Amino acid sequence: MSRHRRSVRTGRTGRTVKAGALLSAALLSLTTTACETRTDAEPNAAATSAANPNASHAETSSTTPQRLDWNPCTAPSGEETGTAASEAADTGKGGKGGKARARTATTSPEWECATLRAPLDYAHPDGESIGLALIRAKATDQAHRIGSLVFNFGGPGGSGVTTLPAFAEDYRNLRTRYDLVSFDPRGVGRSGGVTCMNDKELDAYYAEDSTPADKAAEKTLVGRVEQYAKACEEHSGKMLPHVGTANAARDMDRIRAALGDPKLYYFGVSYGTELGGVYAHLFPKNVGRALLDAVVDPESDPEESALAQAKGFQLALDNYTAACPRTSDNCPTVPQIASLLERLDKNPVPGTGGRRLTQSQATSGIAQALYSKEFWDYLTEGVEDAENGDGKILLTLADAMNGRGPDGHYSSLQASLNAITCADFSQRYTAEQIEGKVAAFRKASPVFGDFMAWSLLQCTGWPVKGEWQTPDVSAKGSAPVLVVGNTGDPATPYEGAHRMARELGPGVGVELTYQGQGHGAYDSGNACVKGVVDAYFLNGTVPESHKVCS
């Protein structure tokens with residue numbers, strides 16, 4: 001959750017595989033992957049017949065699948081839980097024995113990379129093309145292989161090429177019968193990643209006040225958001241009109257065809273659930289088996305999503321403060337956290353690398369830690385340290401959310417998230433409109449309310465009009481889609497799963513409830529959820545709708 005996240009659509013999301021759907025996307029996009037890719041297909045191969053990029057009906061699939069030239073590539077390695085956790089451990093504040101929960105991704109030749117070409121503008125399929133970066137690991141039981149399972153880990157803006165190898169072990173059961181495949185969507189990472197400001201400018205941008213208290217501060221905030229939008233147009237203007245979710249869904253159908261699968265097998269987390277829903281709407285007959293986990297509410301506009309998220313993060317914070325005394329003697333209360341944020345608004349404390357922890361960054365850091373129970377220990381110590389004048393842990397968590405690596409370089413995570421959000425949603429809020437909404441947001445969350453309310457300025461001054469008020473995910477004629485909601489999810493509140501299942505349509509949306517904490521369900525470690533999902537993907541077993549796992 002940050003000024004650029006949408007549920008956050010916000011997280012991003014971030015996503016969380018083990019560390020929260022959007023959390024993984026935010027953390028893992030800080031690493032680099034050395035993938036040598038190429039394709040022998042011509043740039044305009046597999047030109048789609050879907051000439052209208054705004055079509056609201058089912059579309060025709062690509063007719064000439066591309067040939068992907070897969071080459072061995074080096075997957076990420078090292079402490080892949082994310083910079084936030086590993087650096088917190090480096091400060092000696094890592095909780096649980098001072099060790100971050102590290103992930104080491106394999107660098108063996110089992111990882112292969114390729115590039116798929118897609119039209120920059122689907123209204124002109126024979127025009128300029130862009131390259132989409134893909135990565136895969138082949139199924140371990142080739143004799144019983146079903147096909148390719150395509151992952152999107154959320155954000156929007158998260159790199160699938162980076163995230164999948166780091167967490168592939170979580171999907172070892174699914175890998176027995178599926179090639180595991182992921183990609184960087186258009187405008188993300190290695191697929192023409194959107195860029196806006198340079199690293200120095202972004203350091204200043206994320207440190208500035210995001211919760212104005214008077215007209216002068218409002219004017220400053222609006223000016224800063226508009227300046228950001230102008231920077232995005234200057235550096236990525238050609239890409240901005242074409243990065244929306246509908247185009248990413250069209251890309252995903254090209255990926256399906258290039259992989260040789262008559263149907264799409266899909267695993268979408270957080271924002272990936274919205275992408276999956278839009279795909280099912282555009283290509284209902286091409287849906288094979290699809291999982292939507294940590295579900296974005298398709299019925300909510302940005303204001304409704306932000307308000308629900310304020311409530312969701314407040315619920316997660318309340319759950320954290322209630323559980324904390326069982327493992328620590330230094331637990332903060334919600335009023336203490338709110339008071340800390342008020343003090344940081346006027347008096348930032350030293351952080352890392354000569355930077356200071358501001359109120360905006362501390363709020364982002366606290367939200368980041370709520371994506372997973374695994375990071376609650378860092379939150380406890382980070383708040384305690386900040387109260388004592390040491391902002392290292394909370395600033396490191398904020399850096400992960402904002403896509404800043406240990407070297408001070410920012411990934412395209414937040415720039416891509418902003419670009420995709422504003423290409424999708426047509427709402428543009430003014431400071432005057434938000435003034436009248438702040439009270440409701442504060443009621444929803446004394447800690448995150450103001451922050452989330454003013455995040456509605458996200459698309460102010462954006463140079464591209466948005467495509468919709470809310471996405472259409474109706475998918476009449478689709479195969480059953482498994483929709484999983486987590487009752488304790490802060491970033492994508494539980495109600496979104498029910499609404500997604502309803503909007504997909506009768507006989508399509510199949511709802512599964514997980515009574516847990518954190519962002520997402522499959523990677524929570526819950527045996528019931530994992531068993532249901534694995535049986536669905538591996539055996540085609542569709543569970544009874546409204547099943548509950550706890």
# chains A, B, ... in the order shown; residues from 1 in each chain; ligands from 1
$ select_by_dssp --residues "stretch 398-493 of chain A" --states "alpha helix (DSSP H)" --output "JSON, numbers by chain"
{"A": [398, 399, 400, 401, 402, 413, 414, 415, 416, 417, 418, 419, 420, 421, 422, 423, 424, 431, 432, 433, 434, 435, 438, 439, 440, 441, 442, 443, 444, 449, 450, 451, 452, 453, 454]}
$ write_last_selection --atoms "N, CA and C atoms" --output "JSON list (two decimals), in the first residue's frame"
[["chain", "number", "residue", "atom", "x", "y", "z"],
["A", 398, "ALA", "N", 9.81, 0.19, 3.75],
["A", 398, "ALA", "CA", 9.23, 1.15, 2.80],
["A", 398, "ALA", "C", 9.94, 1.07, 1.46],
["A", 399, "ASP", "N", 11.26, 0.91, 1.48],
["A", 399, "ASP", "CA", 12.02, 0.78, 0.23],
["A", 399, "ASP", "C", 11.53, -0.41, -0.58],
["A", 400, "ALA", "N", 11.26, -1.52, 0.10],
["A", 400, "ALA", "CA", 10.78, -2.71, -0.61],
["A", 400, "ALA", "C", 9.45, -2.42, -1.28],
["A", 401, "MET", "N", 8.56, -1.73, -0.58],
["A", 401, "MET", "CA", 7.28, -1.41, -1.18],
["A", 401, "MET", "C", 7.44, -0.49, -2.39],
["A", 402, "ASN", "N", 8.37, 0.41, -2.30],
["A", 402, "ASN", "CA", 8.55, 1.39, -3.37],
["A", 402, "ASN", "C", 9.47, 0.89, -4.48],
["A", 413, "LEU", "N", 8.68, -1.13, -10.66],
["A", 413, "LEU", "CA", 7.48, -1.60, -9.96],
["A", 413, "LEU", "C", 6.41, -0.53, -9.81],
["A", 414, "GLN", "N", 6.75, 0.56, -9.13],
["A", 414, "GLN", "CA", 5.73, 1.56, -8.84],
["A", 414, "GLN", "C", 5.35, 2.38, -10.07],
["A", 415, "ALA", "N", 6.31, 2.67, -10.94],
["A", 415, "ALA", "CA", 5.99, 3.39, -12.17],
["A", 415, "ALA", "C", 5.04, 2.56, -13.03],
["A", 416, "SER", "N", 5.30, 1.26, -13.12],
["A", 416, "SER", "CA", 4.43, 0.38, -13.89],
["A", 416, "SER", "C", 3.05, 0.28, -13.25],
["A", 417, "LEU", "N", 3.03, 0.18, -11.93],
["A", 417, "LEU", "CA", 1.76, 0.09, -11.21],
["A", 417, "LEU", "C", 0.91, 1.32, -11.50],
["A", 418, "ASN", "N", 1.54, 2.49, -11.41],
["A", 418, "ASN", "CA", 0.80, 3.72, -11.65],
["A", 418, "ASN", "C", 0.28, 3.77, -13.08],
["A", 419, "ALA", "N", 1.13, 3.42, -14.03],
["A", 419, "ALA", "CA", 0.75, 3.49, -15.45],
["A", 419, "ALA", "C", -0.40, 2.54, -15.76],
["A", 420, "ILE", "N", -0.36, 1.33, -15.23],
["A", 420, "ILE", "CA", -1.41, 0.35, -15.50],
["A", 420, "ILE", "C", -2.72, 0.78, -14.83],
["A", 421, "THR", "N", -2.62, 1.24, -13.59],
["A", 421, "THR", "CA", -3.81, 1.71, -12.87],
["A", 421, "THR", "C", -4.50, 2.83, -13.63],
["A", 422, "CYS", "N", -3.73, 3.81, -14.08],
["A", 422, "CYS", "CA", -4.32, 4.98, -14.74],
["A", 422, "CYS", "C", -4.76, 4.69, -16.16],
["A", 423, "ALA", "N", -4.18, 3.68, -16.79],
["A", 423, "ALA", "CA", -4.67, 3.24, -18.10],
["A", 423, "ALA", "C", -5.99, 2.49, -17.97],
["A", 424, "ASP", "N", -6.19, 1.84, -16.82],
["A", 424, "ASP", "CA", -7.42, 1.07, -16.58],
["A", 424, "ASP", "C", -8.57, 1.96, -16.14],
["A", 431, "ALA", "N", -8.29, 17.53, -5.33],
["A", 431, "ALA", "CA", -8.02, 17.74, -3.91],
["A", 431, "ALA", "C", -9.31, 18.14, -3.17],
["A", 432, "GLU", "N", -10.13, 18.94, -3.82],
["A", 432, "GLU", "CA", -11.38, 19.37, -3.20],
["A", 432, "GLU", "C", -12.31, 18.18, -2.95],
["A", 433, "GLN", "N", -12.36, 17.26, -3.89],
["A", 433, "GLN", "CA", -13.19, 16.07, -3.69],
["A", 433, "GLN", "C", -12.67, 15.22, -2.54],
["A", 434, "ILE", "N", -11.37, 15.07, -2.48],
["A", 434, "ILE", "CA", -10.78, 14.22, -1.44],
["A", 434, "ILE", "C", -10.97, 14.83, -0.05],
["A", 435, "GLU", "N", -10.93, 16.16, 0.04],
["A", 435, "GLU", "CA", -11.16, 16.81, 1.33],
["A", 435, "GLU", "C", -12.45, 16.31, 1.97],
["A", 438, "VAL", "N", -12.03, 12.55, 3.48],
["A", 438, "VAL", "CA", -11.01, 12.19, 4.48],
["A", 438, "VAL", "C", -11.64, 11.68, 5.77],
["A", 439, "ALA", "N", -12.73, 12.30, 6.21],
["A", 439, "ALA", "CA", -13.35, 11.90, 7.48],
["A", 439, "ALA", "C", -13.76, 10.43, 7.46],
["A", 440, "ALA", "N", -14.34, 9.99, 6.34],
["A", 440, "ALA", "CA", -14.76, 8.59, 6.24],
["A", 440, "ALA", "C", -13.55, 7.66, 6.26],
["A", 441, "PHE", "N", -12.46, 8.08, 5.64],
["A", 441, "PHE", "CA", -11.25, 7.26, 5.64],
["A", 441, "PHE", "C", -10.64, 7.19, 7.04],
["A", 442, "ARG", "N", -10.65, 8.32, 7.75],
["A", 442, "ARG", "CA", -10.12, 8.31, 9.12],
["A", 442, "ARG", "C", -10.94, 7.41, 10.02],
["A", 443, "LYS", "N", -12.25, 7.40, 9.82],
["A", 443, "LYS", "CA", -13.11, 6.52, 10.60],
["A", 443, "LYS", "C", -12.78, 5.07, 10.32],
["A", 444, "ALA", "N", -12.46, 4.78, 9.05],
["A", 444, "ALA", "CA", -12.11, 3.41, 8.68],
["A", 444, "ALA", "C", -10.77, 2.98, 9.26],
["A", 449, "GLY", "N", -5.94, 5.85, 7.20],
["A", 449, "GLY", "CA", -7.03, 6.54, 6.55],
["A", 449, "GLY", "C", -6.61, 7.72, 5.70],
["A", 450, "ASP", "N", -5.90, 8.67, 6.29],
["A", 450, "ASP", "CA", -5.47, 9.85, 5.54],
["A", 450, "ASP", "C", -4.59, 9.46, 4.35],
["A", 451, "PHE", "N", -3.69, 8.54, 4.60],
["A", 451, "PHE", "CA", -2.76, 8.09, 3.57],
["A", 451, "PHE", "C", -3.51, 7.52, 2.37],
["A", 452, "MET", "N", -4.51, 6.68, 2.65],
["A", 452, "MET", "CA", -5.27, 6.06, 1.57],
["A", 452, "MET", "C", -6.17, 7.06, 0.86],
["A", 453, "ALA", "N", -6.74, 7.98, 1.61],
["A", 453, "ALA", "CA", -7.61, 8.98, 0.99],
["A", 453, "ALA", "C", -6.83, 9.82, -0.02],
["A", 454, "TRP", "N", -5.68, 10.32, 0.38],
["A", 454, "TRP", "CA", -4.91, 11.18, -0.52],
["A", 454, "TRP", "C", -4.23, 10.41, -1.64]]
$ select_by_dssp --residues "stretch 276-361 of chain A" --states "strand (DSSP E or B)" --output "VMD selection string"
chain A and resid 287 to 293 349 to 350 356 to 357
$ write_last_selection --atoms "N, CA, C and O atoms" --output "PDB file, in the first residue's frame"
ATOM      1  N   VAL A 287     -10.518 -20.600 -21.419  1.00  0.00           N
ATOM      2  CA  VAL A 287     -10.164 -20.859 -20.023  1.00  0.00           C
ATOM      3  C   VAL A 287     -10.165 -22.355 -19.765  1.00  0.00           C
ATOM      4  O   VAL A 287     -11.148 -23.063 -20.044  1.00  0.00           O
ATOM      5  N   GLY A 288      -9.052 -22.860 -19.252  1.00  0.00           N
ATOM      6  CA  GLY A 288      -8.970 -24.262 -18.865  1.00  0.00           C
ATOM      7  C   GLY A 288      -9.231 -24.403 -17.378  1.00  0.00           C
ATOM      8  O   GLY A 288     -10.369 -24.563 -16.938  1.00  0.00           O
ATOM      9  N   ARG A 289      -8.162 -24.286 -16.575  1.00  0.00           N
ATOM     10  CA  ARG A 289      -8.284 -24.249 -15.117  1.00  0.00           C
ATOM     11  C   ARG A 289      -7.612 -22.968 -14.658  1.00  0.00           C
ATOM     12  O   ARG A 289      -6.474 -22.694 -15.046  1.00  0.00           O
ATOM     13  N   ALA A 290      -8.305 -22.201 -13.829  1.00  0.00           N
ATOM     14  CA  ALA A 290      -7.778 -20.904 -13.402  1.00  0.00           C
ATOM     15  C   ALA A 290      -8.049 -20.705 -11.923  1.00  0.00           C
ATOM     16  O   ALA A 290      -9.162 -20.952 -11.440  1.00  0.00           O
ATOM     17  N   LEU A 291      -7.015 -20.245 -11.221  1.00  0.00           N
ATOM     18  CA  LEU A 291      -7.114 -19.925  -9.798  1.00  0.00           C
ATOM     19  C   LEU A 291      -6.940 -18.424  -9.626  1.00  0.00           C
ATOM     20  O   LEU A 291      -5.989 -17.835 -10.146  1.00  0.00           O
ATOM     21  N   LEU A 292      -7.847 -17.797  -8.878  1.00  0.00           N
ATOM     22  CA  LEU A 292      -7.737 -16.390  -8.512  1.00  0.00           C
ATOM     23  C   LEU A 292      -7.616 -16.323  -6.997  1.00  0.00           C
ATOM     24  O   LEU A 292      -8.559 -16.640  -6.271  1.00  0.00           O
ATOM     25  N   ASP A 293      -6.451 -15.928  -6.498  1.00  0.00           N
ATOM     26  CA  ASP A 293      -6.130 -15.958  -5.063  1.00  0.00           C
ATOM     27  C   ASP A 293      -5.776 -14.546  -4.594  1.00  0.00           C
ATOM     28  O   ASP A 293      -4.954 -13.877  -5.203  1.00  0.00           O
ATOM     29  N   VAL A 349      13.369  10.692  11.583  1.00  0.00           N
ATOM     30  CA  VAL A 349      14.513  10.154  12.321  1.00  0.00           C
ATOM     31  C   VAL A 349      15.491   9.528  11.333  1.00  0.00           C
ATOM     32  O   VAL A 349      15.119   9.173  10.214  1.00  0.00           O
ATOM     33  N   PRO A 350      16.747   9.370  11.720  1.00  0.00           N
ATOM     34  CA  PRO A 350      17.746   8.785  10.814  1.00  0.00           C
ATOM     35  C   PRO A 350      17.338   7.383  10.356  1.00  0.00           C
ATOM     36  O   PRO A 350      16.831   6.578  11.150  1.00  0.00           O
ATOM     37  N   ARG A 356      16.475   9.904   5.898  1.00  0.00           N
ATOM     38  CA  ARG A 356      15.707   9.941   7.127  1.00  0.00           C
ATOM     39  C   ARG A 356      14.349   9.286   6.907  1.00  0.00           C
ATOM     40  O   ARG A 356      13.801   9.298   5.798  1.00  0.00           O
ATOM     41  N   LEU A 357      13.800   8.704   7.970  1.00  0.00           N
ATOM     42  CA  LEU A 357      12.487   8.068   7.930  1.00  0.00           C
ATOM     43  C   LEU A 357      11.425   9.129   8.165  1.00  0.00           C
ATOM     44  O   LEU A 357      11.355   9.726   9.232  1.00  0.00           O
TER      45      LEU A 357
END
$ atom_distance --atom1 "atom CA of A:Arg172" --atom2 "atom CA of A:Asn486"
22.6 Å
$ closest_atom_pairs --of "stretch 202-268 of chain A" --to "stretch 137-146 of chain A" --cutoff "12 Å" --atoms "only C-alpha atoms" --output "Markdown table"
| residue | atom | partner | partner_atom | distance |
| --- | --- | --- | --- | --- |
| A:Leu259 | CA | A:Lys138 | CA | 11.7 |
| A:Gly260 | CA | A:Ile146 | CA | 11.3 |
| A:Asp261 | CA | A:Ile146 | CA | 9.1 |
| A:Pro262 | CA | A:Ile146 | CA | 11.0 |
| A:Lys263 | CA | A:Ile146 | CA | 10.5 |
| A:Leu264 | CA | A:Ile146 | CA | 11.0 |
| A:Tyr265 | CA | A:Ile146 | CA | 9.3 |
$ closest_atom_pairs --of "stretch 435-516 of chain A" --to "stretch 225-230 of chain A" --cutoff "12 Å" --atoms "only C-alpha atoms" --output "JSON lines"
{"residue": "A:Trp454", "atom": "CA", "partner": "A:Val225", "partner_atom": "CA", "distance": 10.8}
{"residue": "A:Ser455", "atom": "CA", "partner": "A:Val225", "partner_atom": "CA", "distance": 9.9}
{"residue": "A:Leu456", "atom": "CA", "partner": "A:Val225", "partner_atom": "CA", "distance": 10.7}
{"residue": "A:Leu457", "atom": "CA", "partner": "A:Val225", "partner_atom": "CA", "distance": 7.2}
{"residue": "A:Gln458", "atom": "CA", "partner": "A:Val225", "partner_atom": "CA", "distance": 7.0}
{"residue": "A:Cys459", "atom": "CA", "partner": "A:Ala229", "partner_atom": "CA", "distance": 7.8}
{"residue": "A:Thr460", "atom": "CA", "partner": "A:Glu226", "partner_atom": "CA", "distance": 6.3}
{"residue": "A:Gly461", "atom": "CA", "partner": "A:Glu226", "partner_atom": "CA", "distance": 5.1}
{"residue": "A:Trp462", "atom": "CA", "partner": "A:Ala229", "partner_atom": "CA", "distance": 5.3}
{"residue": "A:Pro463", "atom": "CA", "partner": "A:Ala229", "partner_atom": "CA", "distance": 7.1}
{"residue": "A:Val464", "atom": "CA", "partner": "A:Ala229", "partner_atom": "CA", "distance": 9.8}
$ residues_around --residues "A:Gly244" --least-positions-apart "3" --cutoff "12 Å" --atoms "only C-alpha atoms" --output "PyMOL selection string"
chain A and resi 53-54+120-122+156-157+185-188+239-241+247-251+274-275+278+416-426+464-468+471
$ residues_around --residues "stretch 298-304 of chain A" --least-positions-apart "3" --cutoff "9 Å" --atoms "only C-alpha atoms" --output "PDB file with C-alpha atoms, in the first residue's frame"
ATOM      1  CA  ARG A   6      -4.106  -0.078  -5.845  1.00  0.00           C
ATOM      2  CA  SER A   7      -5.440  -2.977  -3.864  1.00  0.00           C
ATOM      3  CA  ARG A   9      -4.693  -1.927  -6.013  1.00  0.00           C
ATOM      4  CA  GLU A 274      -8.194  -8.905 -12.010  1.00  0.00           C
ATOM      5  CA  GLY A 277     -11.034 -12.086 -14.638  1.00  0.00           C
ATOM      6  CA  VAL A 295      -9.006 -11.318  -5.081  1.00  0.00           C
ATOM      7  CA  LEU A 307     -11.639   2.742   1.567  1.00  0.00           C
ATOM      8  CA  ALA A 308     -11.927  -1.037   1.764  1.00  0.00           C
ATOM      9  CA  GLN A 309      -8.175  -1.289   1.853  1.00  0.00           C
ATOM     10  CA  PHE A 425      -9.475   3.431 -14.421  1.00  0.00           C
ATOM     11  CA  GLN A 427     -11.690   8.325 -12.434  1.00  0.00           C
ATOM     12  CA  ALA A 453      -7.612   8.981   0.988  1.00  0.00           C
ATOM     13  CA  LEU A 456      -6.717   8.918  -4.760  1.00  0.00           C
ATOM     14  CA  GLN A 469     -15.024   2.716 -14.277  1.00  0.00           C
ATOM     15  CA  THR A 470     -14.732  -0.894 -13.124  1.00  0.00           C
ATOM     16  CA  PRO A 471     -13.581  -3.937 -15.116  1.00  0.00           C
ATOM     17  CA  ASP A 472     -16.024  -6.315 -16.769  1.00  0.00           C
ATOM     18  CA  VAL A 473     -15.216  -9.882 -15.692  1.00  0.00           C
ATOM     19  CA  GLY A 496     -13.794  -9.141  -3.132  1.00  0.00           C
ATOM     20  CA  ARG A 499     -18.025 -10.388  -5.693  1.00  0.00           C
ATOM     21  CA  MET A 500     -15.566 -11.784  -8.221  1.00  0.00           C
ATOM     22  CA  GLU A 503     -19.468 -11.353 -11.478  1.00  0.00           C
TER      23      GLU A 503
END
$ residues_around --residues "A:Leu315" --least-positions-apart "4" --cutoff "8 Å" --atoms "only C-alpha atoms" --output "MDAnalysis selection string"
chainID A and resid 311 319 488 490
$ residues_around --residues "A:Tyr522" --least-positions-apart "5" --cutoff "12 Å" --atoms "only C-alpha atoms" --output "NGL selection string"
:A and (15-21 or 170-171 or 174 or 267-270 or 291-294 or 482-486 or 512-517 or 527-534 or 549)
$ atom_distance --atom1 "atom CA of A:Ala246" --atom2 "atom CA of A:Ser474"
13.5 Å
$ atom_distance --atom1 "atom CA of A:His519" --atom2 "atom CA of A:Ser305"
15.4 Å
$ closest_residue --among "A:Thr352, A:Ser478, A:Thr195, A:Ser339" --to "A:Val383" --atoms "only C-alpha atoms"
A:Ser339
